[in-house]
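Heads up, entry13.txt below (compact mmCIF, C-alpha atoms):
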# COMPACT_ATOMS: atom_id res chain seq x y z
CA MET J 19 -2.44 13.11 16.46
CA ARG J 20 -5.85 12.48 18.01
CA PHE J 21 -9.10 10.94 16.71
CA ASP J 22 -11.51 11.87 19.49
CA GLY J 23 -15.08 11.72 18.22
CA LYS J 24 -14.06 9.92 15.02
CA VAL J 25 -15.53 6.55 14.05
CA ALA J 26 -13.47 4.03 12.10
CA ILE J 27 -14.31 0.74 10.38
CA ILE J 28 -11.37 -1.60 9.82
CA THR J 29 -11.94 -4.80 7.88
CA GLY J 30 -9.84 -7.86 8.56
CA ALA J 31 -9.04 -6.44 11.99
CA GLY J 32 -9.07 -9.67 14.00
CA GLY J 33 -5.28 -9.99 13.86
CA GLY J 34 -2.07 -8.82 12.22
CA LEU J 35 -2.14 -5.42 10.57
CA GLY J 36 -5.85 -4.79 11.10
CA ARG J 37 -5.54 -5.42 14.82
CA ALA J 38 -2.53 -3.10 15.05
CA TYR J 39 -4.45 -0.38 13.20
CA ALA J 40 -7.49 -0.78 15.44
CA LEU J 41 -5.53 -0.68 18.68
CA GLU J 42 -3.54 2.39 17.64
CA LEU J 43 -6.60 4.35 16.49
CA ALA J 44 -8.50 3.38 19.65
CA HIS J 45 -5.52 4.49 21.75
CA ARG J 46 -5.77 7.86 20.02
CA GLY J 47 -9.47 8.28 20.77
CA ALA J 48 -11.32 6.73 17.83
CA LYS J 49 -14.36 4.52 18.18
CA LEU J 50 -13.83 1.27 16.29
CA VAL J 51 -15.82 -1.22 14.29
CA VAL J 52 -13.58 -4.29 14.33
CA ASN J 53 -14.61 -6.34 11.32
CA ASP J 54 -13.35 -9.85 10.73
CA LEU J 55 -15.01 -12.82 9.07
CA GLY J 56 -12.82 -15.09 11.15
CA GLY J 57 -12.03 -17.43 8.29
CA SER J 58 -8.81 -19.20 7.40
CA LEU J 59 -6.14 -17.65 5.22
CA ASP J 60 -7.73 -19.10 2.06
CA GLY J 61 -11.12 -17.61 2.96
CA SER J 62 -12.84 -20.76 4.23
CA GLY J 63 -14.70 -20.94 7.54
CA ARG J 64 -16.23 -18.26 9.70
CA SER J 65 -15.92 -17.25 13.38
CA SER J 66 -16.47 -14.12 15.48
CA GLU J 67 -13.74 -14.98 18.00
CA ALA J 68 -10.93 -12.93 16.43
CA ALA J 69 -12.97 -9.71 16.20
CA ASP J 70 -14.36 -10.21 19.71
CA ARG J 71 -10.84 -10.56 21.17
CA VAL J 72 -9.71 -7.26 19.64
CA VAL J 73 -12.87 -5.52 20.87
CA ASP J 74 -12.14 -6.86 24.36
CA GLU J 75 -8.58 -5.46 24.16
CA ILE J 76 -9.87 -2.04 23.17
CA ARG J 77 -12.52 -1.97 25.90
CA ALA J 78 -10.05 -3.17 28.52
CA ALA J 79 -7.88 -0.16 27.66
CA GLY J 80 -10.85 2.19 28.09
CA GLY J 81 -11.85 2.53 24.45
CA GLU J 82 -15.10 2.02 22.57
CA ALA J 83 -15.51 -0.71 19.98
CA MET J 84 -17.99 -3.10 18.44
CA ALA J 85 -17.34 -6.36 16.59
CA SER J 86 -18.63 -7.25 13.14
CA GLY J 87 -18.45 -10.59 11.40
CA ALA J 88 -19.69 -9.17 8.10
CA SER J 89 -18.35 -10.66 4.90
CA VAL J 90 -16.94 -7.82 2.81
CA THR J 91 -18.18 -9.60 -0.32
CA SER J 92 -21.81 -9.31 0.83
CA VAL J 93 -23.58 -6.03 0.14
CA ALA J 94 -26.22 -6.87 2.76
CA ASP J 95 -23.65 -7.78 5.43
CA VAL J 96 -21.62 -4.63 4.85
CA GLN J 97 -24.68 -2.37 4.84
CA ALA J 98 -25.82 -3.89 8.14
CA MET J 99 -22.37 -3.23 9.61
CA VAL J 100 -22.40 0.39 8.45
CA ASP J 101 -25.96 0.91 9.72
CA ALA J 102 -25.05 -0.51 13.13
CA ALA J 103 -22.09 1.84 13.45
CA ARG J 104 -24.10 4.85 12.34
CA ASN J 105 -26.98 4.00 14.68
CA ARG J 106 -24.61 3.69 17.62
CA TRP J 107 -22.26 6.61 16.98
CA GLY J 108 -23.98 8.79 14.38
CA ARG J 109 -21.20 8.95 11.82
CA ILE J 110 -18.37 7.10 10.07
CA ASP J 111 -15.17 9.01 9.41
CA ILE J 112 -12.64 6.35 8.49
CA LEU J 113 -12.69 3.14 6.46
CA VAL J 114 -9.64 0.91 6.19
CA ASN J 115 -10.09 -1.82 3.58
CA ASN J 116 -7.70 -4.39 5.00
CA ALA J 117 -9.51 -7.73 4.62
CA GLY J 118 -7.87 -10.23 2.32
CA VAL J 119 -7.25 -13.87 1.44
CA LEU J 120 -4.55 -15.80 -0.38
CA ARG J 121 -4.84 -18.58 -2.96
CA ASP J 122 -1.25 -18.63 -4.20
CA LYS J 123 -0.31 -20.85 -7.16
CA SER J 124 1.49 -20.35 -10.43
CA PHE J 125 -0.91 -19.16 -13.11
CA ALA J 126 -0.55 -22.48 -14.97
CA LYS J 127 -1.85 -24.37 -11.92
CA MET J 128 -4.36 -21.83 -10.67
CA GLU J 129 -8.07 -22.60 -10.91
CA ILE J 130 -10.14 -19.70 -12.19
CA GLU J 131 -12.25 -19.89 -9.00
CA ASP J 132 -9.11 -19.18 -6.98
CA PHE J 133 -8.60 -16.10 -9.14
CA ARG J 134 -12.21 -15.01 -8.78
CA LEU J 135 -12.34 -15.41 -4.99
CA VAL J 136 -9.20 -13.32 -4.41
CA MET J 137 -10.54 -10.59 -6.71
CA ASP J 138 -13.90 -10.69 -4.93
CA VAL J 139 -12.46 -10.29 -1.43
CA HIS J 140 -9.76 -7.71 -2.14
CA LEU J 141 -11.25 -5.62 -4.95
CA MET J 142 -15.01 -6.09 -4.70
CA GLY J 143 -14.83 -6.17 -0.91
CA ALA J 144 -13.13 -2.77 -0.90
CA ALA J 145 -15.59 -1.42 -3.45
CA ILE J 146 -18.60 -2.68 -1.51
CA CYS J 147 -17.35 -1.24 1.79
CA SER J 148 -16.37 2.08 0.20
CA LYS J 149 -19.75 2.39 -1.52
CA ALA J 150 -21.55 1.68 1.76
CA VAL J 151 -19.90 4.67 3.49
CA TRP J 152 -19.57 6.98 0.49
CA ASP J 153 -22.86 8.89 0.71
CA LEU J 154 -22.50 9.33 4.47
CA MET J 155 -19.01 10.76 4.04
CA ARG J 156 -20.31 13.09 1.33
CA GLU J 157 -23.08 14.29 3.68
CA GLN J 158 -20.49 14.90 6.42
CA ASN J 159 -18.09 16.60 3.98
CA TYR J 160 -15.43 14.44 5.58
CA GLY J 161 -14.02 10.99 5.08
CA ARG J 162 -10.78 9.04 5.01
CA ILE J 163 -10.52 5.76 3.09
CA VAL J 164 -7.46 3.54 2.75
CA MET J 165 -7.08 0.65 0.30
CA THR J 166 -4.50 -2.05 0.98
CA THR J 167 -2.33 -2.62 -2.06
CA SER J 168 0.89 -4.63 -2.24
CA SER J 169 4.27 -4.83 -3.90
CA SER J 170 2.87 -7.93 -5.60
CA GLY J 171 0.41 -5.69 -7.40
CA LEU J 172 2.75 -2.77 -7.96
CA TYR J 173 5.69 -4.85 -9.18
CA GLY J 174 4.56 -8.47 -9.54
CA ASN J 175 5.39 -11.66 -7.66
CA PHE J 176 5.61 -15.27 -8.78
CA GLY J 177 2.57 -17.34 -7.86
CA GLN J 178 0.33 -14.35 -7.14
CA ALA J 179 -1.38 -13.49 -10.42
CA ASN J 180 -4.76 -13.29 -8.66
CA TYR J 181 -3.48 -11.37 -5.64
CA GLY J 182 -1.33 -9.02 -7.72
CA ALA J 183 -4.17 -8.24 -10.12
CA ALA J 184 -6.52 -7.44 -7.24
CA LYS J 185 -3.95 -5.29 -5.45
CA MET J 186 -3.14 -3.22 -8.53
CA ALA J 187 -6.84 -2.79 -9.24
CA LEU J 188 -7.18 -1.18 -5.82
CA VAL J 189 -4.69 1.49 -6.87
CA GLY J 190 -6.96 2.35 -9.79
CA LEU J 191 -9.99 2.45 -7.49
CA MET J 192 -8.12 4.75 -5.13
CA GLN J 193 -7.08 7.12 -7.93
CA THR J 194 -10.64 7.71 -9.11
CA LEU J 195 -12.32 7.85 -5.68
CA ALA J 196 -9.75 10.43 -4.56
CA ILE J 197 -10.68 12.63 -7.53
CA GLU J 198 -14.43 12.19 -7.03
CA GLY J 199 -14.25 12.67 -3.26
CA ALA J 200 -12.08 15.79 -3.25
CA LYS J 201 -14.93 18.32 -3.18
CA ASN J 202 -16.32 16.68 -0.03
CA ASP J 203 -12.95 16.32 1.71
CA ILE J 204 -12.96 12.56 1.25
CA ARG J 205 -9.29 11.63 1.00
CA VAL J 206 -8.47 8.22 -0.42
CA ASN J 207 -5.06 6.58 -0.27
CA CYS J 208 -3.35 3.20 -0.55
CA ILE J 209 -0.98 1.53 1.83
CA ALA J 210 1.43 -1.17 0.67
CA PRO J 211 2.50 -2.88 3.90
CA VAL J 212 5.28 -5.34 4.62
CA ALA J 213 4.67 -6.99 7.99
CA ALA J 214 4.79 -10.27 9.86
CA THR J 215 1.23 -11.57 9.52
CA ARG J 216 -0.56 -14.79 8.61
CA MET J 217 -0.01 -13.88 4.96
CA THR J 218 3.77 -13.58 5.25
CA GLU J 219 4.71 -16.09 7.95
CA ASN J 220 5.56 -18.81 5.41
CA LEU J 221 7.21 -16.47 2.90
CA MET J 222 10.09 -15.03 4.91
CA ALA J 223 12.79 -16.18 7.34
CA GLU J 224 12.14 -15.81 11.09
CA GLU J 225 14.88 -13.20 11.58
CA ILE J 226 13.30 -11.03 8.88
CA LEU J 227 9.79 -11.45 10.26
CA ALA J 228 11.04 -10.36 13.69
CA ARG J 229 11.83 -6.93 12.22
CA LEU J 230 8.49 -6.61 10.44
CA GLN J 231 6.10 -5.85 13.27
CA PRO J 232 2.61 -4.62 12.21
CA GLU J 233 2.90 -1.69 14.63
CA ALA J 234 5.56 -0.10 12.39
CA VAL J 235 3.10 -0.06 9.49
CA ALA J 236 0.35 1.33 11.74
CA ALA J 237 2.29 4.59 12.07
CA GLY J 238 1.86 5.21 8.34
CA LEU J 239 -1.75 4.07 8.29
CA VAL J 240 -2.72 6.42 11.11
CA TYR J 241 -1.28 9.36 9.17
CA LEU J 242 -3.23 8.36 6.05
CA VAL J 243 -6.54 8.55 7.97
CA SER J 244 -5.75 11.71 9.91
CA GLU J 245 -7.23 15.16 9.31
CA GLY J 246 -3.99 16.26 7.68
CA ALA J 247 -3.77 13.21 5.40
CA PRO J 248 -2.70 13.46 1.76
CA THR J 249 -4.88 12.02 -0.99
CA ARG J 250 -4.11 9.81 -4.01
CA THR J 251 -0.95 8.57 -2.32
CA THR J 252 0.41 5.03 -2.28
CA LEU J 253 2.48 4.71 0.87
CA CYS J 254 4.84 1.74 1.18
CA ALA J 255 5.54 0.88 4.81
CA GLY J 256 7.47 -1.76 6.72
CA ALA J 257 10.12 -2.19 9.43
CA GLY J 258 10.18 1.57 10.04
CA GLY J 259 10.79 2.45 6.39
CA PHE J 260 8.40 4.55 4.33
CA GLU J 261 8.35 5.37 0.60
CA THR J 262 5.71 6.40 -1.93
CA ALA J 263 5.09 4.45 -5.12
CA ASN J 264 3.99 6.34 -8.22
CA ILE J 265 2.73 5.49 -11.69
CA THR J 266 4.81 7.74 -13.90
CA LEU J 267 4.83 8.78 -17.55
CA THR J 268 7.98 9.21 -19.61
CA LYS J 269 8.44 12.16 -21.98
CA GLY J 270 8.33 9.74 -24.88
CA ILE J 271 8.43 10.73 -28.55
CA TYR J 272 6.13 11.98 -31.30
CA ASP J 273 6.14 11.13 -34.98
CA GLU J 274 3.55 12.05 -37.63
CA ALA J 275 3.88 8.74 -39.44
CA PRO J 276 4.63 6.07 -36.84
CA THR J 277 5.43 2.53 -37.86
CA PRO J 278 6.26 -0.55 -35.81
CA GLU J 279 9.80 -0.24 -37.05
CA LEU J 280 10.03 3.34 -35.79
CA VAL J 281 8.73 2.30 -32.34
CA ALA J 282 11.32 -0.47 -32.23
CA ALA J 283 14.14 1.82 -33.35
CA ARG J 284 13.30 4.53 -30.82
CA PHE J 285 12.06 2.39 -27.95
CA ALA J 286 15.01 3.25 -25.71
CA GLU J 287 14.08 6.91 -26.11
CA ILE J 288 10.41 6.16 -25.47
CA ALA J 289 11.30 4.31 -22.27
CA ASP J 290 13.87 6.85 -21.05
CA ARG J 291 12.77 7.85 -17.54
CA THR J 292 14.59 11.17 -17.50
CA ASP J 293 12.12 13.91 -16.52
CA GLU J 294 9.24 11.46 -16.17
CA ALA J 295 6.08 12.90 -14.60
CA VAL J 296 3.02 11.84 -12.61
CA PRO J 297 -0.14 12.99 -14.47
CA GLU J 298 -2.79 14.61 -12.26
CA ASN J 299 -5.44 12.28 -13.76
CA GLY J 300 -6.11 10.13 -16.82
CA GLY J 301 -6.79 13.25 -18.85
CA GLY J 302 -3.27 14.40 -18.10
CA GLN J 303 -1.86 11.69 -20.33
CA LEU J 304 -4.30 12.56 -23.11
CA ARG J 305 -3.38 16.23 -22.92
CA GLY J 306 0.27 15.22 -23.21
CA VAL J 307 -0.49 13.23 -26.34
CA PHE J 308 -2.38 16.13 -27.88
CA ALA J 309 0.37 18.57 -26.96
CA LYS J 310 2.95 16.42 -28.74
CA ALA J 311 0.68 16.15 -31.78
CA MET J 312 0.04 19.90 -31.91
CA ALA J 313 3.75 20.67 -31.52
CA GLY J 314 4.53 18.22 -34.27
CA ALA J 315 1.93 19.73 -36.58
CA ALA J 316 3.31 23.24 -35.96
CA ALA J 317 6.91 22.21 -36.61

In structure tokens, write the structure found in this file.
Amino acid sequence: MRFDGKVAIITGAGGGLGRAYALELAHRGAKLVVNDLGGSLDGSGRSSEAADRVVDEIRAAGGEAMASGASVTSVADVQAMVDAARNRWGRIDILVNNAGVLRDKSFAKMEIEDFRLVMDVHLMGAAICSKAVWDLMREQNYGRIVMTTSSSGLYGNFGQANYGAAKMALVGLMQTLAIEGAKNDIRVNCIAPVAATRMTENLMAEEILARLQPEAVAAGLVYLVSEGAPTRTTLCAGAGGFETANITLTKGIYDEAPTPELVAARFAEIADRTDEAVPENGGGQLRGVFAKAMAGAAA
């Protein structure tokens, strides 16, 4: 799987998963924009050292790369980064929205500014970066974008209301961009990684972290940005394991005169996951509702 002639931007690529992604894509021929604000885990501070080190690694191995210290929350910063890449290499084929911060606390103790900052970096940062490359990818009739979601968003996690909300929002962003980008071969996916990084080093035991190398996740990421990539897929990856996560819809019930009591009495049937489906888009659920109503009216 080669990426010769392809140009990739990876945010948060100064270490951990982003670094692993950048090194693997560079090894396979891609030209890299290594973006990293260089701040601490909670988003404070700023330094170019982390991005510069990864660029040096790529160049030492014979690859091409440039560093960017752009803040993903700044429209001006991101546009300057995109312009610099386009001016140097003429195109942008791949965007990996990997930058993130943590401000973990139980919701009762969390300041609203901690909630806002995490949403800004993860969700708005991904939206700003995706918007900055969107028209170029449409002009090229080619693009690959990956959002970084998380099990905390998909399934919840104590102390991460802000992080979980942002990560699930990215799934919604992915779903719509994949639909809108399809006619221009812009494929948009999510990756839900589990890896030993700054974000997980204090959450897991050392023997578990030893098995969670970022390079194992990079294998899945590289596929998601390849020419043969799927679209609208949420790939869970870690320690050599891969699964897809899906938002499904049960068959449910229909009744012409619903009441709260009826919903309560038949809730087990409503929630029965036998023969559940994945709608092709939001309209798929609506069509299912109308189909039930029409069938009920004809009965």

Using only C-alpha atoms, determine which residues lie at most 8 Å from Leu41 in chain J, disregarding the query and same-chain residues fewer than 6 positions distant; provide the list as an MDAnalysis selection string.
-> chainID J and resid 72 75:76

Out of J:Gly171, J:Gly81, J:Gly182, J:Gly23, which residue has the shortest atom-to-atom distance to Gly108 in chain J when counting all atoms listed in the file?
->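 Among the listed residues, the smallest separation from Gly108 in chain J belongs to J:Gly23.
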
Using all atoms listed in the file, find the one residue out of J:Ala78, J:Val90, J:Ala247, J:Ala98 that sits nearest to Val119 in chain J.
->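 Looking at the shortest contact to Val119 in chain J, the residue is J:Val90.
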
Name the closest residue to Lys127 in chain J among the candidates J:Thr91, J:Ala179, J:His140, J:Gln158; distances are taken between atoms, counting all atoms listed in the file.
->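 When distances to Lys127 in chain J are compared using all atoms listed in the file, the smallest one comes from J:Ala179.
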
Kindly assemble as a tab-separated table a list of the range 259-312 of chain J residues that lie within 10 Å of range 188-195 of chain J, each paired with its nearest atom pair and their distance in Å to one decimal, using all atoms listed in the file, sorted first by chain and then by ascending residue number.
residue	atom	partner	partner_atom	distance
J:Ile265	CA	J:Val189	CA	9.7
J:Glu298	CA	J:Gln193	CA	9.7
J:Asn299	CA	J:Gln193	CA	8.0
J:Gly300	CA	J:Thr194	CA	9.3

So how far away is CA of Met165 in chain J from CA of Asp293 in chain J, in Å?
->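 That distance, rounded to one decimal, is 28.8 Å.
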
Kindly give the distance, in Å, that separates CA of Gly47 in chain J and CA of Glu198 in chain J, rounded to a single decimal.
->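 Between these atoms lies a distance of 28.5 Å.
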